[in-house]
Amino acid sequence: MKKIYGVIGDPIAHSMSPIMHNDSFQRYDINAEFFAFHVKKEALQDAVKGFKAIHLAGFNITVPHKTAIMPFLDEIDPLAQAIGAVNTVVNDDGRFIGYNTDGSGFLEALKKEIPSFDNKNMLLIGAGGAARAIYFTMAHAGVQSIDIANRTLDKAEYLVKNCPYPVDSAVLRIEDAEEKLSKYDLIVQTTSIGMHPEINRSPICLDRIKKDAFVSDIIYTPLETKFLQDAKRHGARTQNGIPMFAYQGALAFEKWTGILPDTERMQSIVLKHLGGKSC
Ligand code: NAP
């Protein structure tokens, strides 16, 4: 019988996950189909019960349900528990098990550009859900230091206090991070500033950036944010949010099927759909 997979969120209509995963199901000759399900906050528990009743084989979770879904699952992987968010659920013989592939997806994408993180000083801009997954994962990956700059300092302090992996970190106001910018080898932008339709905004001024810094923005609509344009203008190497998106999807696909799909192909499918080139 055909297996059914999906992604839940609100909004969900523009999700790239169905085209990406359906292509992989076809390519690896798996009898399965992936759908986007629009689930409102108040219907989340009923949706999970319904998915169990119809034996949904697995699903992704996107904004705003990544944390709210956790009490409705049977088991949560320790890393997802520490991050406090689930983006992938596997149906293991009727038990729903939650994982988080956002941080590891970011890391795998970054490794293609930076083979070693030894002696690297990183600045993380933002302290929301995606920032938390990236912060914990990069701390575990052995980055020398990770400073966090965010509008709401309490949220950044919360991340530093609750990180299970020791890493040298300072919490900074955006203005203070701008002053110290030449310290950082790696700058990662995780706020929603610059995302469509507010494409002329950037969360930070990059004038003091190090010449050979590597700059990542996890946003992929637009493909090149103002933040990435500024970084390029200063001579930095850049990466947009498409590789992270493809890798988090590939790692979820692997948990569902045991097959790690071709991430280059996944990226090109998403890019084609968005009508552009990777940065
Ligand atoms: P979130 O939990 O809501 O966090 C939002 C972050 O943006 C917080 O740090 C927040 O600061 C900051 N922010 C929002 N509006 C701001 C404003 N007007 N001024 C200053 N700071 C502002 O969201 P999330 O789930 O982490 O997602 C963040 C972004 O990452 C989104 O654009 C999302 O599309 C993208 N994303 C991409 C991928 C991928 O695979 N490429 C995966 C996940 C997320 P405060 O703490 O001060 O509110």
# chains A, B, ... in the order shown; residues from 1 in each chain; ligands from 1
call {"tool": "closest_atom_pairs", "arguments": {"of": "region 204-268 of chain A", "to": "region 48-58 of chain A", "cutoff": "12 Å", "atoms": "only C-alpha atoms", "output": "CSV"}}
result
residue,atom,partner,partner_atom,distance
A:Ala252,CA,A:Gly58,CA,9.0
A:Phe253,CA,A:Gly58,CA,9.2
A:Glu254,CA,A:Gly58,CA,11.3
A:Lys255,CA,A:Gly58,CA,9.1
A:Trp256,CA,A:Gly58,CA,6.5
A:Thr257,CA,A:Ala57,CA,9.7
call {"tool": "write_last_selection", "arguments": {"atoms": "all heavy atoms", "output": "PDB file, in the first residue's frame"}}
result
ATOM      1  N   ALA A 252      15.648  14.089   7.250  1.00  0.00           N
ATOM      2  CA  ALA A 252      14.317  13.587   7.605  1.00  0.00           C
ATOM      3  C   ALA A 252      13.964  12.391   6.706  1.00  0.00           C
ATOM      4  O   ALA A 252      13.499  11.353   7.177  1.00  0.00           O
ATOM      5  CB  ALA A 252      13.273  14.694   7.452  1.00  0.00           C
ATOM      6  N   PHE A 253      14.233  12.535   5.403  1.00  0.00           N
ATOM      7  CA  PHE A 253      13.950  11.467   4.431  1.00  0.00           C
ATOM      8  C   PHE A 253      14.698  10.185   4.818  1.00  0.00           C
ATOM      9  O   PHE A 253      14.163   9.076   4.741  1.00  0.00           O
ATOM     10  CB  PHE A 253      14.374  11.950   3.034  1.00  0.00           C
ATOM     11  CG  PHE A 253      13.897  11.091   1.900  1.00  0.00           C
ATOM     12  CD1 PHE A 253      12.707  11.374   1.239  1.00  0.00           C
ATOM     13  CD2 PHE A 253      14.654  10.007   1.461  1.00  0.00           C
ATOM     14  CE1 PHE A 253      12.277  10.589   0.176  1.00  0.00           C
ATOM     15  CE2 PHE A 253      14.234   9.224   0.406  1.00  0.00           C
ATOM     16  CZ  PHE A 253      13.032   9.509  -0.241  1.00  0.00           C
ATOM     17  N   GLU A 254      15.940  10.362   5.254  1.00  0.00           N
ATOM     18  CA  GLU A 254      16.749   9.204   5.669  1.00  0.00           C
ATOM     19  C   GLU A 254      16.122   8.518   6.889  1.00  0.00           C
ATOM     20  O   GLU A 254      16.097   7.288   6.977  1.00  0.00           O
ATOM     21  CB  GLU A 254      18.174   9.655   5.996  1.00  0.00           C
ATOM     22  CG  GLU A 254      19.107   8.491   6.261  1.00  0.00           C
ATOM     23  CD  GLU A 254      20.512   8.945   6.642  1.00  0.00           C
ATOM     24  OE1 GLU A 254      20.663  10.039   7.221  1.00  0.00           O
ATOM     25  OE2 GLU A 254      21.460   8.188   6.363  1.00  0.00           O
ATOM     26  N   LYS A 255      15.597   9.319   7.835  1.00  0.00           N
ATOM     27  CA  LYS A 255      14.956   8.715   9.018  1.00  0.00           C
ATOM     28  C   LYS A 255      13.699   7.930   8.604  1.00  0.00           C
ATOM     29  O   LYS A 255      13.379   6.907   9.188  1.00  0.00           O
ATOM     30  CB  LYS A 255      14.598   9.794  10.038  1.00  0.00           C
ATOM     31  CG  LYS A 255      15.841  10.388  10.706  1.00  0.00           C
ATOM     32  CD  LYS A 255      15.517  11.134  11.966  1.00  0.00           C
ATOM     33  CE  LYS A 255      16.768  11.742  12.580  1.00  0.00           C
ATOM     34  NZ  LYS A 255      17.798  10.754  12.938  1.00  0.00           N
ATOM     35  N   TRP A 256      12.983   8.417   7.595  1.00  0.00           N
ATOM     36  CA  TRP A 256      11.756   7.748   7.159  1.00  0.00           C
ATOM     37  C   TRP A 256      12.023   6.483   6.349  1.00  0.00           C
ATOM     38  O   TRP A 256      11.290   5.521   6.428  1.00  0.00           O
ATOM     39  CB  TRP A 256      10.904   8.697   6.309  1.00  0.00           C
ATOM     40  CG  TRP A 256      10.379   9.883   7.032  1.00  0.00           C
ATOM     41  CD1 TRP A 256       9.991   9.951   8.348  1.00  0.00           C
ATOM     42  CD2 TRP A 256      10.163  11.187   6.493  1.00  0.00           C
ATOM     43  NE1 TRP A 256       9.563  11.222   8.652  1.00  0.00           N
ATOM     44  CE2 TRP A 256       9.649  11.999   7.529  1.00  0.00           C
ATOM     45  CE3 TRP A 256      10.348  11.766   5.240  1.00  0.00           C
ATOM     46  CZ2 TRP A 256       9.319  13.350   7.352  1.00  0.00           C
ATOM     47  CZ3 TRP A 256      10.028  13.097   5.058  1.00  0.00           C
ATOM     48  CH2 TRP A 256       9.513  13.880   6.102  1.00  0.00           C
ATOM     49  N   THR A 257      13.066   6.542   5.482  1.00  0.00           N
ATOM     50  CA  THR A 257      13.217   5.484   4.470  1.00  0.00           C
ATOM     51  C   THR A 257      14.533   4.708   4.572  1.00  0.00           C
ATOM     52  O   THR A 257      14.681   3.682   3.903  1.00  0.00           O
ATOM     53  CB  THR A 257      13.186   6.105   3.054  1.00  0.00           C
ATOM     54  OG1 THR A 257      14.350   6.945   2.914  1.00  0.00           O
ATOM     55  CG2 THR A 257      11.943   6.938   2.812  1.00  0.00           C
TER      56      THR A 257
END
call {"tool": "residues_near_ligand", "arguments": {"ligand": "ligand 1", "cutoff": "7 Å", "atoms": "only C-alpha atoms and all ligand atoms", "output": "list of chain:residue names"}}
result
A:Val63, A:Asp102, A:Gly126, A:Ala127, A:Gly128, A:Gly129, A:Ala130, A:Ala131, A:Asn150, A:Arg151, A:Thr152, A:Lys155, A:Thr190, A:Thr191, A:Ser192, A:Ile193, A:Met195, A:Pro203, A:Ile218, A:Ile219, A:Tyr220, A:Gly241, A:Ile242, A:Met244, A:Phe245, A:Gln248
call {"tool": "residues_around", "arguments": {"residues": "Gly103 (chain A)", "least_positions_apart": "6", "cutoff": "7 Å", "atoms": "only C-alpha atoms", "output": "ChimeraX atom specification"}}
result
/A:133-134,137
call {"tool": "write_last_selection", "arguments": {"atoms": "C-alpha atoms", "output": "compact mmCIF listing (two decimals), in the first residue's frame"}}
result
# COMPACT_ATOMS: atom_id res chain seq x y z
CA ALA A 133 19.05 24.33 16.91
CA ILE A 134 22.06 25.90 15.16
CA THR A 137 24.67 21.88 16.99
call {"tool": "select_by_dssp", "arguments": {"residues": "region 171-247 of chain A", "states": "strand (DSSP E or B)", "output": "PyMOL selection string"}}
result
chain A and resi 171-172+186-189+214-217+237-239
call {"tool": "write_last_selection", "arguments": {"atoms": "N, CA, C and O atoms", "output": "tab-separated table (two decimals), in the first residue's frame"}}
result
chain	number	residue	atom	x	y	z
A	171	VAL	N	26.74	37.24	25.18
A	171	VAL	CA	25.46	37.74	24.66
A	171	VAL	C	25.63	39.23	24.37
A	171	VAL	O	26.09	39.97	25.23
A	172	LEU	N	25.29	39.63	23.14
A	172	LEU	CA	25.58	41.01	22.71
A	172	LEU	C	24.34	41.71	22.18
A	172	LEU	O	23.48	41.07	21.56
A	186	LEU	N	32.98	33.37	11.12
A	186	LEU	CA	31.72	32.81	10.62
A	186	LEU	C	30.57	33.64	11.21
A	186	LEU	O	30.50	33.80	12.44
A	187	ILE	N	29.70	34.16	10.34
A	187	ILE	CA	28.55	34.96	10.81
A	187	ILE	C	27.29	34.30	10.26
A	187	ILE	O	27.16	34.11	9.05
A	188	VAL	N	26.36	33.96	11.18
A	188	VAL	CA	25.16	33.23	10.76
A	188	VAL	C	23.92	34.03	11.15
A	188	VAL	O	23.70	34.32	12.33
A	189	GLN	N	23.12	34.37	10.18
A	189	GLN	CA	21.93	35.21	10.36
A	189	GLN	C	20.69	34.31	10.41
A	189	GLN	O	20.38	33.62	9.45
A	214	PHE	N	33.16	33.94	6.50
A	214	PHE	CA	32.13	33.20	5.78
A	214	PHE	C	30.78	33.62	6.37
A	214	PHE	O	30.61	33.62	7.59
A	215	VAL	N	29.82	33.97	5.51
A	215	VAL	CA	28.56	34.53	5.98
A	215	VAL	C	27.38	33.70	5.47
A	215	VAL	O	27.27	33.44	4.28
A	216	SER	N	26.53	33.31	6.42
A	216	SER	CA	25.38	32.48	6.06
A	216	SER	C	24.09	33.16	6.50
A	216	SER	O	24.02	33.73	7.59
A	217	ASP	N	23.08	33.09	5.64
A	217	ASP	CA	21.74	33.57	6.01
A	217	ASP	C	20.80	32.40	5.76
A	217	ASP	O	20.77	31.86	4.66
A	237	ARG	N	32.60	35.27	1.53
A	237	ARG	CA	31.94	34.14	0.87
A	237	ARG	C	30.58	33.94	1.54
A	237	ARG	O	30.46	34.15	2.76
A	238	THR	N	29.56	33.53	0.80
A	238	THR	CA	28.21	33.48	1.37
A	238	THR	C	27.49	32.17	1.05
A	238	THR	O	27.82	31.47	0.08
A	239	GLN	N	26.47	31.89	1.87
A	239	GLN	CA	25.58	30.74	1.62
A	239	GLN	C	24.17	31.16	2.03
A	239	GLN	O	23.98	31.74	3.11
call {"tool": "atom_distance", "arguments": {"atom1": "CA of Ser202 (chain A)", "atom2": "CA of Asp185 (chain A)"}}
result
19.2 Å
call {"tool": "closest_residue", "arguments": {"among": "A:Pro64, A:Gly275, A:Pro222, A:Gly105", "to": "Pro197 (chain A)", "atoms": "only C-alpha atoms"}}
result
A:Pro222
call {"tool": "atom_distance", "arguments": {"atom1": "CA of Lys3 (chain A)", "atom2": "CA of Leu107 (chain A)"}}
result
29.4 Å
call {"tool": "residues_around", "arguments": {"residues": "Ala80 (chain A)", "least_positions_apart": "6", "cutoff": "9 Å", "atoms": "only C-alpha atoms", "output": "number ranges by chain"}}
result
A: 86-87, 98-101, 133
call {"tool": "select_by_dssp", "arguments": {"residues": "region 166-258 of chain A", "states": "helix (DSSP H, G or I)", "output": "MDAnalysis selection string"}}
result
chainID A and resid 174:179 181:183 226:233 242:257
call {"tool": "atom_distance", "arguments": {"atom1": "CA of His65 (chain A)", "atom2": "CA of Ala82 (chain A)"}}
result
16.5 Å
call {"tool": "closest_residue", "arguments": {"among": "A:Ile174, A:Ile259, A:Ala47, A:Ala141", "to": "Asn119 (chain A)", "atoms": "only C-alpha atoms"}}
result
A:Ala141
call {"tool": "residues_around", "arguments": {"residues": "Ile30 (chain A)", "least_positions_apart": "4", "cutoff": "10 Å", "atoms": "only C-alpha atoms", "output": "number ranges by chain"}}
result
A: 2-3, 22, 24-26, 257
call {"tool": "residues_around", "arguments": {"residues": "Ile209 (chain A)", "least_positions_apart": "6", "cutoff": "8 Å", "atoms": "only C-alpha atoms", "output": "PyMOL selection string"}}
result
chain A and resi 181-182+184+231+234
call {"tool": "write_last_selection", "arguments": {"atoms": "N, CA, C and O atoms", "output": "tab-separated table (two decimals), in the first residue's frame"}}
result
chain	number	residue	atom	x	y	z
A	181	LEU	N	32.81	43.12	15.03
A	181	LEU	CA	32.59	42.23	13.87
A	181	LEU	C	33.87	41.60	13.31
A	181	LEU	O	33.83	40.47	12.81
A	182	SER	N	35.00	42.33	13.43
A	182	SER	CA	36.24	41.81	12.83
A	182	SER	C	36.77	40.57	13.57
A	182	SER	O	37.69	39.91	13.11
A	184	TYR	N	35.03	37.82	13.97
A	184	TYR	CA	34.32	36.59	13.60
A	184	TYR	C	34.73	36.03	12.23
A	184	TYR	O	34.76	36.74	11.23
A	231	ALA	N	27.26	41.40	2.58
A	231	ALA	CA	28.43	40.56	2.88
A	231	ALA	C	29.27	40.37	1.61
A	231	ALA	O	30.50	40.49	1.65
A	234	HIS	N	31.39	43.24	0.70
A	234	HIS	CA	32.59	43.36	1.53
A	234	HIS	C	33.59	42.24	1.26
A	234	HIS	O	34.56	42.07	1.99
